[in-house]
file my_file.cif (mmCIF, C-alpha atoms)
data_run
#
loop_
_atom_site.group_PDB
_atom_site.id
_atom_site.type_symbol
_atom_site.label_atom_id
_atom_site.label_comp_id
_atom_site.auth_asym_id
_atom_site.auth_seq_id
_atom_site.Cartn_x
_atom_site.Cartn_y
_atom_site.Cartn_z
ATOM 1 C CA MET A 1 71.109 63.618 113.769
ATOM 2 C CA PRO A 2 68.395 65.899 115.218
ATOM 3 C CA ASP A 3 69.212 69.395 116.405
ATOM 4 C CA SER A 4 70.301 69.404 120.055
ATOM 5 C CA ALA A 5 67.430 71.769 120.902
ATOM 6 C CA THR A 6 64.918 69.058 119.920
ATOM 7 C CA ILE A 7 66.536 66.284 121.963
ATOM 8 C CA ARG A 8 64.918 65.502 125.298
ATOM 9 C CA THR A 9 67.222 64.149 128.006
ATOM 10 C CA ILE A 10 65.590 61.370 130.018
ATOM 11 C CA ASN A 11 66.651 59.704 133.254
ATOM 12 C CA ILE A 12 65.191 56.793 135.174
ATOM 13 C CA SER A 13 63.180 58.961 137.544
ATOM 14 C CA SER A 14 61.436 60.714 134.653
ATOM 15 C CA LEU A 15 60.259 57.367 133.219
ATOM 16 C CA ARG A 16 58.130 56.543 136.291
ATOM 17 C CA CYS A 17 58.735 52.814 135.987
ATOM 18 C CA PRO A 18 56.239 50.534 137.789
ATOM 19 C CA VAL A 19 59.229 48.492 138.967
ATOM 20 C CA ASN A 20 61.802 50.954 140.290
ATOM 21 C CA ILE A 21 64.723 50.479 142.663
ATOM 22 C CA SER A 22 65.959 53.735 144.185
ATOM 23 C CA GLY A 23 66.018 55.522 140.835
ATOM 24 C CA ASP A 24 68.919 53.306 139.720
ATOM 25 C CA PHE A 25 67.003 50.484 138.068
ATOM 26 C CA GLY A 26 63.594 50.134 136.487
ATOM 27 C CA ILE A 27 61.414 48.095 134.144
ATOM 28 C CA LEU A 28 58.963 49.940 131.920
ATOM 29 C CA PRO A 29 56.263 48.285 129.748
ATOM 30 C CA LEU A 30 55.995 50.020 126.374
ATOM 31 C CA SER A 31 53.095 49.979 123.949
ATOM 32 C CA GLY A 32 50.822 52.447 122.190
ATOM 33 C CA GLU A 33 50.657 55.947 123.642
ATOM 34 C CA LYS A 34 53.090 55.191 126.456
ATOM 35 C CA ALA A 35 55.863 54.286 124.030
ATOM 36 C CA LEU A 36 55.087 57.269 121.807
ATOM 37 C CA GLU A 37 55.146 59.659 124.745
ATOM 38 C CA ILE A 38 58.584 58.534 125.902
ATOM 39 C CA LEU A 39 60.553 57.449 122.854
ATOM 40 C CA ALA A 40 58.928 58.850 119.711
ATOM 41 C CA VAL A 41 60.557 62.230 120.348
ATOM 42 C CA SER A 42 64.351 62.257 119.986
ATOM 43 C CA PHE A 43 65.849 61.442 123.365
ATOM 44 C CA LYS A 44 69.234 61.234 125.060
ATOM 45 C CA THR A 45 69.656 58.641 127.787
ATOM 46 C CA LYS A 46 71.219 59.082 131.196
ATOM 47 C CA PHE A 47 71.215 55.339 131.763
ATOM 48 C CA PHE A 48 71.838 52.018 130.048
ATOM 49 C CA ALA A 49 68.811 50.216 128.625
ATOM 50 C CA LEU A 50 67.667 46.952 127.088
ATOM 51 C CA LEU A 51 64.642 47.396 124.828
ATOM 52 C CA ILE A 52 63.035 43.956 124.509
ATOM 53 C CA THR A 53 60.541 43.646 121.650
ATOM 54 C CA THR A 54 57.698 41.282 122.560
ATOM 55 C CA ALA A 55 55.268 41.968 119.668
ATOM 56 C CA GLY A 56 54.940 43.980 116.454
ATOM 57 C CA LYS A 57 57.643 45.835 114.589
ATOM 58 C CA ALA A 58 59.512 49.100 115.034
ATOM 59 C CA GLU A 59 62.542 51.040 113.895
ATOM 60 C CA VAL A 60 64.931 52.218 116.569
ATOM 61 C CA THR A 61 67.360 54.941 115.486
ATOM 62 C CA LEU A 62 70.474 55.278 117.650
ATOM 63 C CA ASP A 63 73.049 57.974 116.913
ATOM 64 C CA GLY A 64 71.742 58.238 113.358
ATOM 65 C CA THR A 65 71.704 54.501 112.563
ATOM 66 C CA CYS A 66 68.329 52.831 112.016
ATOM 67 C CA HIS A 67 67.714 49.338 113.400
ATOM 68 C CA PRO A 68 64.522 47.438 112.372
ATOM 69 C CA VAL A 69 63.290 45.233 115.238
ATOM 70 C CA SER A 70 60.571 42.659 115.839
ATOM 71 C CA ARG A 71 59.744 39.998 118.435
ATOM 72 C CA GLY A 72 62.892 38.280 119.608
ATOM 73 C CA ASN A 73 65.070 41.333 119.027
ATOM 74 C CA VAL A 74 66.689 43.160 121.944
ATOM 75 C CA VAL A 75 68.213 46.624 121.550
ATOM 76 C CA PHE A 76 71.019 47.831 123.790
ATOM 77 C CA ILE A 77 70.950 51.603 124.375
ATOM 78 C CA ASN A 78 74.184 53.020 125.729
ATOM 79 C CA TYR A 79 74.741 55.858 128.185
ATOM 80 C CA ASN A 80 74.340 59.305 126.555
ATOM 81 C CA GLN A 81 73.100 57.757 123.313
ATOM 82 C CA VAL A 82 70.651 59.737 121.161
ATOM 83 C CA GLY A 83 67.680 57.738 119.923
ATOM 84 C CA ARG A 84 64.174 57.717 118.507
ATOM 85 C CA LEU A 85 61.480 55.042 118.104
ATOM 86 C CA GLU A 86 59.071 54.657 115.190
ATOM 87 C CA MET A 87 56.660 51.791 115.719
ATOM 88 C CA GLU A 88 53.663 49.963 114.319
ATOM 89 C CA SER A 89 50.385 50.050 116.232
ATOM 90 C CA THR A 90 50.885 46.426 117.342
ATOM 91 C CA PHE A 91 54.319 47.077 118.808
ATOM 92 C CA SER A 92 54.962 46.293 122.449
ATOM 93 C CA ALA A 93 58.138 45.925 124.462
ATOM 94 C CA ARG A 94 59.692 46.047 127.881
ATOM 95 C CA MET A 95 62.537 48.416 128.602
ATOM 96 C CA ILE A 96 65.001 47.621 131.367
ATOM 97 C CA VAL A 97 66.952 50.691 132.470
ATOM 98 C CA PHE A 98 69.868 50.885 134.890
ATOM 99 C CA THR A 99 72.703 53.145 135.991
ATOM 100 C CA ARG A 100 76.428 52.474 136.191
ATOM 101 C CA SER A 101 76.302 52.375 139.981
ATOM 102 C CA PHE A 102 73.561 49.739 139.996
ATOM 103 C CA TYR A 103 75.359 47.477 137.529
ATOM 104 C CA ASN A 104 78.545 47.886 139.597
ATOM 105 C CA LEU A 105 76.715 47.104 142.836
ATOM 106 C CA ILE A 106 78.239 43.640 143.019
ATOM 107 C CA TYR A 107 81.664 42.620 141.785
ATOM 108 C CA THR A 108 81.539 38.869 141.160
ATOM 109 C CA GLY A 109 85.299 38.396 140.955
ATOM 110 C CA ASN A 110 85.065 37.623 137.232
ATOM 111 C CA HIS A 111 86.857 40.302 135.204
ATOM 112 C CA ARG A 112 84.525 39.753 132.240
ATOM 113 C CA ILE A 113 81.530 41.088 134.142
ATOM 114 C CA LYS A 114 83.337 43.466 136.460
ATOM 115 C CA ASN A 115 81.646 46.714 135.422
ATOM 116 C CA ASP A 116 80.039 48.758 132.675
ATOM 117 C CA THR A 117 83.226 48.849 130.574
ATOM 118 C CA ALA A 118 82.083 45.456 129.322
ATOM 119 C CA PHE A 119 79.608 47.276 127.094
ATOM 120 C CA SER A 120 82.137 49.096 124.932
ATOM 121 C CA GLY A 121 81.740 48.210 121.254
ATOM 122 C CA LEU A 122 78.653 46.119 121.886
ATOM 123 C CA PRO A 123 76.304 45.801 118.866
ATOM 124 C CA SER A 124 73.049 47.723 119.178
ATOM 125 C CA VAL A 125 70.782 44.756 118.379
ATOM 126 C CA ALA A 126 70.789 41.083 119.351
ATOM 127 C CA LYS A 127 68.545 38.551 117.614
ATOM 128 C CA PHE A 128 67.620 35.711 119.942
ATOM 129 C CA ARG A 129 66.540 32.231 118.921
ATOM 130 C CA ARG A 130 63.015 31.347 120.037
ATOM 131 C CA GLN A 131 63.972 29.213 123.046
ATOM 132 C CA GLU A 132 66.698 31.630 124.127
ATOM 133 C CA PHE A 133 64.265 34.524 123.928
ATOM 134 C CA THR A 134 61.720 32.648 126.050
ATOM 135 C CA GLU A 135 64.411 32.088 128.679
ATOM 136 C CA PHE A 136 65.465 35.734 128.424
ATOM 137 C CA LEU A 137 61.889 36.846 129.119
ATOM 138 C CA GLY A 138 61.814 34.409 132.020
ATOM 139 C CA THR A 139 64.695 36.296 133.629
ATOM 140 C CA VAL A 140 62.733 39.536 133.179
ATOM 141 C CA THR A 141 59.824 37.923 135.012
ATOM 142 C CA ASP A 142 62.154 36.876 137.833
ATOM 143 C CA ILE A 143 63.502 40.433 138.099
ATOM 144 C CA ILE A 144 59.991 41.891 138.240
ATOM 145 C CA ALA A 145 59.041 39.460 141.006
ATOM 146 C CA GLU A 146 62.186 40.190 143.006
ATOM 147 C CA GLY A 147 62.047 43.934 142.436
ATOM 148 C CA SER A 148 58.441 44.106 143.574
ATOM 149 C CA ARG A 149 59.201 42.527 146.939
ATOM 150 C CA GLN A 150 60.403 44.474 149.944
ATOM 151 C CA GLN A 151 62.891 41.845 151.027
ATOM 152 C CA ALA A 152 66.472 41.919 152.226
ATOM 153 C CA LEU A 153 69.080 41.682 149.465
ATOM 154 C CA ALA A 154 66.528 42.432 146.727
ATOM 155 C CA ARG A 155 68.896 44.937 145.101
ATOM 156 C CA GLU A 156 71.718 42.430 145.048
ATOM 157 C CA VAL A 157 69.545 39.668 143.549
ATOM 158 C CA VAL A 158 68.260 41.990 140.824
ATOM 159 C CA CYS A 159 71.816 43.136 140.091
ATOM 160 C CA LEU A 160 72.970 39.552 139.578
ATOM 161 C CA LEU A 161 69.988 38.743 137.356
ATOM 162 C CA LEU A 162 70.749 41.865 135.328
ATOM 163 C CA LYS A 163 74.331 40.672 134.841
ATOM 164 C CA VAL A 164 72.943 37.350 133.584
ATOM 165 C CA MET A 165 70.813 39.212 131.052
ATOM 166 C CA MET A 166 73.750 41.286 129.839
ATOM 167 C CA LEU A 167 75.908 38.185 129.414
ATOM 168 C CA LYS A 168 73.141 36.549 127.366
ATOM 169 C CA TYR A 169 72.822 39.718 125.310
ATOM 170 C CA ILE A 170 76.584 39.782 124.668
ATOM 171 C CA ARG A 171 76.485 36.135 123.600
ATOM 172 C CA ALA A 172 73.503 36.622 121.284
ATOM 173 C CA SER A 173 74.810 39.841 119.755
ATOM 174 C CA GLY A 174 78.336 38.880 118.854
ATOM 175 C CA GLY A 175 79.472 35.568 120.255
ATOM 176 C CA GLU A 176 83.203 35.095 120.488
ATOM 177 C CA ASN A 177 83.909 38.555 119.060
ATOM 178 C CA TYR A 178 82.642 40.087 122.308
ATOM 179 C CA ILE A 179 83.579 37.483 124.879
ATOM 180 C CA GLY A 180 87.039 39.037 124.860
ATOM 181 C CA PHE A 181 85.808 42.578 125.456
ATOM 182 C CA LYS A 182 88.498 43.161 128.102
ATOM 183 C CA THR A 183 91.197 43.283 125.432
ATOM 184 C CA ASN A 184 90.164 46.775 124.354
ATOM 185 C CA ARG A 185 93.206 48.935 125.008
ATOM 186 C CA THR A 186 91.412 52.076 126.117
ATOM 187 C CA LEU A 187 89.349 50.094 128.604
ATOM 188 C CA ALA A 188 92.517 48.525 129.958
ATOM 189 C CA TYR A 189 94.024 51.990 130.420
ATOM 190 C CA VAL A 190 90.960 53.240 132.311
ATOM 191 C CA GLU A 191 90.835 50.228 134.601
ATOM 192 C CA SER A 192 94.602 50.452 135.238
ATOM 193 C CA PHE A 193 94.138 54.136 136.060
ATOM 194 C CA GLU A 194 91.392 53.316 138.582
ATOM 195 C CA THR A 195 93.614 50.709 140.217
ATOM 196 C CA LEU A 196 96.599 53.061 140.363
ATOM 197 C CA VAL A 197 94.520 55.846 141.914
ATOM 198 C CA ASN A 198 93.166 53.523 144.609
ATOM 199 C CA GLN A 199 96.695 52.348 145.385
ATOM 200 C CA ASN A 200 98.537 55.685 145.199
ATOM 201 C CA PHE A 201 96.085 58.530 145.816
ATOM 202 C CA ARG A 202 97.831 59.577 149.035
ATOM 203 C CA GLN A 203 101.154 60.119 147.251
ATOM 204 C CA LEU A 204 100.205 60.895 143.629
ATOM 205 C CA LYS A 205 97.718 63.701 143.020
ATOM 206 C CA ARG A 206 98.386 64.816 139.442
ATOM 207 C CA THR A 207 97.030 63.429 136.195
ATOM 208 C CA SER A 208 100.511 63.601 134.668
ATOM 209 C CA GLU A 209 101.887 61.264 137.333
ATOM 210 C CA TYR A 210 99.355 58.551 136.507
ATOM 211 C CA ALA A 211 99.714 59.120 132.776
ATOM 212 C CA GLY A 212 103.456 58.601 133.167
ATOM 213 C CA LYS A 213 102.932 55.271 134.885
ATOM 214 C CA LEU A 214 100.664 54.206 132.004
ATOM 215 C CA ASN A 215 103.061 55.539 129.348
ATOM 216 C CA ILE A 216 100.394 57.743 127.778
ATOM 217 C CA THR A 217 99.907 61.515 127.646
ATOM 218 C CA PRO A 218 97.860 63.356 130.306
ATOM 219 C CA ASN A 219 95.511 64.672 127.577
ATOM 220 C CA TYR A 220 94.822 61.156 126.311
ATOM 221 C CA LEU A 221 94.234 59.874 129.827
ATOM 222 C CA ASN A 222 91.790 62.716 130.470
ATOM 223 C CA SER A 223 89.891 62.023 127.247
ATOM 224 C CA ILE A 224 89.390 58.293 127.786
ATOM 225 C CA VAL A 225 88.464 58.728 131.463
ATOM 226 C CA LYS A 226 85.971 61.461 130.508
ATOM 227 C CA GLU A 227 84.446 59.200 127.848
ATOM 228 C CA ARG A 228 83.995 56.262 130.225
ATOM 229 C CA MET A 229 83.130 58.035 133.481
ATOM 230 C CA ASP A 230 81.657 61.430 132.600
ATOM 231 C CA LEU A 231 84.366 63.134 134.666
ATOM 232 C CA THR A 232 87.999 64.030 134.004
ATOM 233 C CA ALA A 233 90.988 62.150 135.369
ATOM 234 C CA GLU A 234 91.754 65.157 137.575
ATOM 235 C CA GLN A 235 88.220 65.087 139.017
ATOM 236 C CA TYR A 236 88.464 61.353 139.630
ATOM 237 C CA ILE A 237 91.749 61.785 141.491
ATOM 238 C CA ARG A 238 90.415 64.738 143.505
ATOM 239 C CA ASN A 239 87.269 62.842 144.485
ATOM 240 C CA ARG A 240 89.439 59.977 145.695
ATOM 241 C CA VAL A 241 91.826 62.243 147.609
ATOM 242 C CA ILE A 242 89.340 64.574 149.303
ATOM 243 C CA PRO A 243 87.204 63.049 152.100
ATOM 244 C CA GLY A 244 83.553 63.635 151.222
ATOM 245 C CA GLY A 245 84.330 63.536 147.528
ATOM 246 C CA ARG A 246 83.750 59.812 147.416
ATOM 247 C CA LYS A 247 80.287 59.935 145.888
ATOM 248 C CA ALA A 248 81.448 60.506 142.327
ATOM 249 C CA VAL A 249 84.048 57.769 142.604
ATOM 250 C CA ALA A 250 81.690 55.276 144.235
ATOM 251 C CA GLU A 251 79.847 54.651 140.977
ATOM 252 C CA HIS A 252 82.969 53.060 139.550
ATOM 253 C CA GLU A 253 84.138 50.940 142.467
ATOM 254 C CA PRO A 254 83.384 47.280 143.182
ATOM 255 C CA PHE A 255 80.552 46.547 145.580
ATOM 256 C CA ARG A 256 81.507 47.000 149.227
ATOM 257 C CA TYR A 257 78.087 47.019 150.872
ATOM 258 C CA ARG A 258 77.928 50.777 150.524
ATOM 259 C CA ASP A 259 74.306 50.689 149.317
ATOM 260 C CA ARG A 260 71.615 49.487 151.643
ATOM 261 C CA PHE A 261 67.845 49.347 151.383
#
call {"tool": "encode", "arguments": {"input": "my_file.cif", "output": "structure tokens"}}
result
Amino acid sequence: MPDSATIRTINISSLRCPVNISGDFGILPLSGEKALEILAVSFKTKFFALLITTAGKAEVTLDGTCHPVSRGNVVFINYNQVGRLEMESTFSARMIVFTRSFYNLIYTGNHRIKNDTAFSGLPSVAKFRRQEFTEFLGTVTDIIAEGSRQQALAREVVCLLLKVMMLKYIRASGGENYIGFKTNRTLAYVESFETLVNQNFRQLKRTSEYAGKLNITPNYLNSIVKERMDLTAEQYIRNRVIPGGRKAVAEHEPFRYRDRF
């Protein structure tokens, strides 16, 4: 693992993606000097990403583990993950980047694709069959076309297409082992906590009260909420209780037409 002083933190705005939706979603073509400039130096992401290899070979190191990739391979880069790319001269790829709030823009009603917690434990690389990869690239093309238009509901359409891509990635990367991703206990605790806060925030304002309802310790509740949301359970509760503190919570709520064009 590189020294923290040598790691460059990158967000979507810093990538300057040709296709960019409000700094929450972007598609970036990568090849040659452009890829070297962005990913050859150790980086830490402030987004989720799909790195889709379209030609050549490369090695993607994520949190110290090296993953060789070539055409047909897609790499999932998690939030706050540390990575580095070493590539051949013929390497090219497209990188789709998105935030939690964008992925959570629309709640479909299906618990399997409710929000970003679906990504927990996901393998870093998926190897697609030829026809499946062609179809996967076709969805990228559809997203580029939709994202480039200034039309009503463009964000929502792109969000749904992104969910399709993530479901295909989950299927290609692990099959039945990851279709049941909702069974993860810590994820269930976090989602139950969110539900309890939304139902009881006017009466219950302490982490210990919610931890008691979940039959876990306040420290454990704080740790798993911090891991999933980048804020403590106490902060989540406070942001829900205090008017004007809704922004931090909004990233983790189902879509309610809060985001417009």
call {"tool": "resolve_selection", "arguments": {"input": "my_file.cif", "expression": "the PyMOL selection byres ((chain A and resi 103) around 8)", "output": "PyMOL selection string"}}
result
chain A and resi 98-102+104-106+115-116+159+162-163
call {"tool": "atom_distance", "arguments": {"input": "my_file.cif", "atom1": "atom CA of A:Thr195", "atom2": "atom CA of A:Gly121"}}
result
22.5 Å
call {"tool": "closest_residue", "arguments": {"input": "my_file.cif", "among": "A:Cys66, A:Val140, A:Val82, A:Ile27", "to": "A:Lys46", "atoms": "all atoms listed in the file"}}
result
A:Val82
call {"tool": "closest_residue", "arguments": {"input": "my_file.cif", "among": "A:Gly72, A:Gly23, A:Tyr79, A:Ser31", "to": "A:Ser92", "atoms": "only C-alpha atoms"}}
result
A:Ser31
call {"tool": "resolve_selection", "arguments": {"input": "my_file.cif", "expression": "the PyMOL selection byres ((chain A and resi 74) around 10)", "output": "list of chain:residue names"}}
result
A:Ala49, A:Leu50, A:Leu51, A:Ile52, A:Thr53, A:Thr54, A:Val69, A:Ser70, A:Arg71, A:Gly72, A:Asn73, A:Val75, A:Phe76, A:Ile77, A:Ala93, A:Arg94, A:Met95, A:Ser124, A:Val125, A:Ala126, A:Lys127, A:Phe128, A:Phe133, A:Phe136, A:Tyr169, A:Ala172, A:Ser173
call {"tool": "decode", "arguments": {"input": "my_file.cif", "residues": "stretch 63-154 of chain A", "atoms": "C-alpha atoms", "output": "compact mmCIF listing (two decimals), in the first residue's frame"}}
result
# COMPACT_ATOMS: atom_id res chain seq x y z
CA ASP A 63 -6.18 -1.84 -1.98
CA GLY A 64 -2.95 -3.74 -2.61
CA THR A 65 -4.43 -6.52 -4.77
CA CYS A 66 -3.40 -6.67 -8.43
CA HIS A 67 -5.99 -7.55 -11.08
CA PRO A 68 -4.84 -8.24 -14.69
CA VAL A 69 -7.47 -7.06 -17.19
CA SER A 70 -8.04 -7.18 -20.94
CA ARG A 71 -10.92 -6.61 -23.36
CA GLY A 72 -14.14 -7.96 -21.92
CA ASN A 73 -13.07 -7.35 -18.33
CA VAL A 74 -14.85 -4.77 -16.17
CA VAL A 75 -13.39 -3.54 -12.88
CA PHE A 76 -15.59 -2.25 -10.08
CA ILE A 77 -13.90 0.44 -7.97
CA ASN A 78 -15.56 1.07 -4.64
CA TYR A 79 -15.98 4.31 -2.71
CA ASN A 80 -12.77 5.36 -0.89
CA GLN A 81 -10.78 2.58 -2.55
CA VAL A 82 -7.07 3.12 -3.20
CA GLY A 83 -5.92 2.14 -6.68
CA ARG A 84 -3.32 2.40 -9.41
CA LEU A 85 -3.26 1.50 -13.12
CA GLU A 86 -0.32 0.08 -15.07
CA MET A 87 -1.14 -0.37 -18.74
CA GLU A 88 0.22 -1.36 -22.12
CA SER A 89 0.45 1.26 -24.86
CA THR A 90 -2.54 -0.30 -26.66
CA PHE A 91 -4.79 -0.12 -23.62
CA SER A 92 -8.06 1.77 -23.84
CA ALA A 93 -11.13 1.82 -21.64
CA ARG A 94 -14.17 3.76 -20.58
CA MET A 95 -14.69 4.64 -16.95
CA ILE A 96 -18.20 5.24 -15.63
CA VAL A 97 -18.19 7.14 -12.34
CA PHE A 98 -21.12 7.91 -10.06
CA THR A 99 -21.96 9.01 -6.53
CA ARG A 100 -24.19 7.38 -3.94
CA SER A 101 -26.83 10.07 -4.38
CA PHE A 102 -27.01 9.51 -8.14
CA TYR A 103 -27.37 5.74 -7.83
CA ASN A 104 -30.06 6.29 -5.17
CA LEU A 105 -31.90 8.81 -7.35
CA ILE A 106 -34.63 6.31 -8.17
CA TYR A 107 -35.91 3.56 -5.91
CA THR A 108 -37.47 0.92 -8.16
CA GLY A 109 -39.33 -0.89 -5.39
CA ASN A 110 -37.05 -3.92 -5.75
CA HIS A 111 -35.00 -4.42 -2.58
CA ARG A 112 -32.15 -6.01 -4.56
CA ILE A 113 -31.36 -2.75 -6.34
CA LYS A 114 -32.51 -0.34 -3.66
CA ASN A 115 -29.23 1.48 -3.04
CA ASP A 116 -25.45 1.33 -2.93
CA THR A 117 -25.41 -1.29 -0.15
CA ALA A 118 -25.87 -3.79 -2.97
CA PHE A 119 -22.17 -3.38 -3.73
CA SER A 120 -20.84 -4.76 -0.46
CA GLY A 121 -18.58 -7.77 -1.02
CA LEU A 122 -18.73 -7.43 -4.78
CA PRO A 123 -15.71 -8.91 -6.64
CA SER A 124 -13.37 -6.35 -8.16
CA VAL A 125 -13.39 -7.86 -11.67
CA ALA A 126 -16.08 -9.36 -13.89
CA LYS A 127 -15.22 -11.29 -17.05
CA PHE A 128 -17.97 -10.99 -19.64
CA ARG A 129 -18.66 -13.40 -22.47
CA ARG A 130 -18.29 -11.84 -25.91
CA GLN A 131 -22.00 -11.32 -26.62
CA GLU A 132 -22.69 -10.10 -23.09
CA PHE A 133 -19.84 -7.62 -23.34
CA THR A 134 -21.17 -6.30 -26.65
CA GLU A 135 -24.55 -5.74 -25.01
CA PHE A 136 -22.87 -4.13 -22.00
CA LEU A 137 -21.09 -1.66 -24.29
CA GLY A 138 -24.41 -1.02 -26.00
CA THR A 139 -25.83 0.20 -22.69
CA VAL A 140 -22.84 2.53 -22.34
CA THR A 141 -23.65 3.94 -25.77
CA ASP A 142 -27.27 4.47 -24.72
CA ILE A 143 -26.13 6.29 -21.56
CA ILE A 144 -23.80 8.55 -23.55
CA ALA A 145 -26.62 9.42 -25.95
CA GLU A 146 -29.07 10.13 -23.14
CA GLY A 147 -26.56 12.01 -21.01
CA SER A 148 -25.59 14.25 -23.91
CA ARG A 149 -29.15 15.43 -24.48
CA GLN A 150 -30.74 18.29 -22.59
CA GLN A 151 -34.08 16.58 -22.21
CA ALA A 152 -36.54 16.16 -19.37
CA LEU A 153 -35.95 13.10 -17.19
CA ALA A 154 -32.45 12.53 -18.60
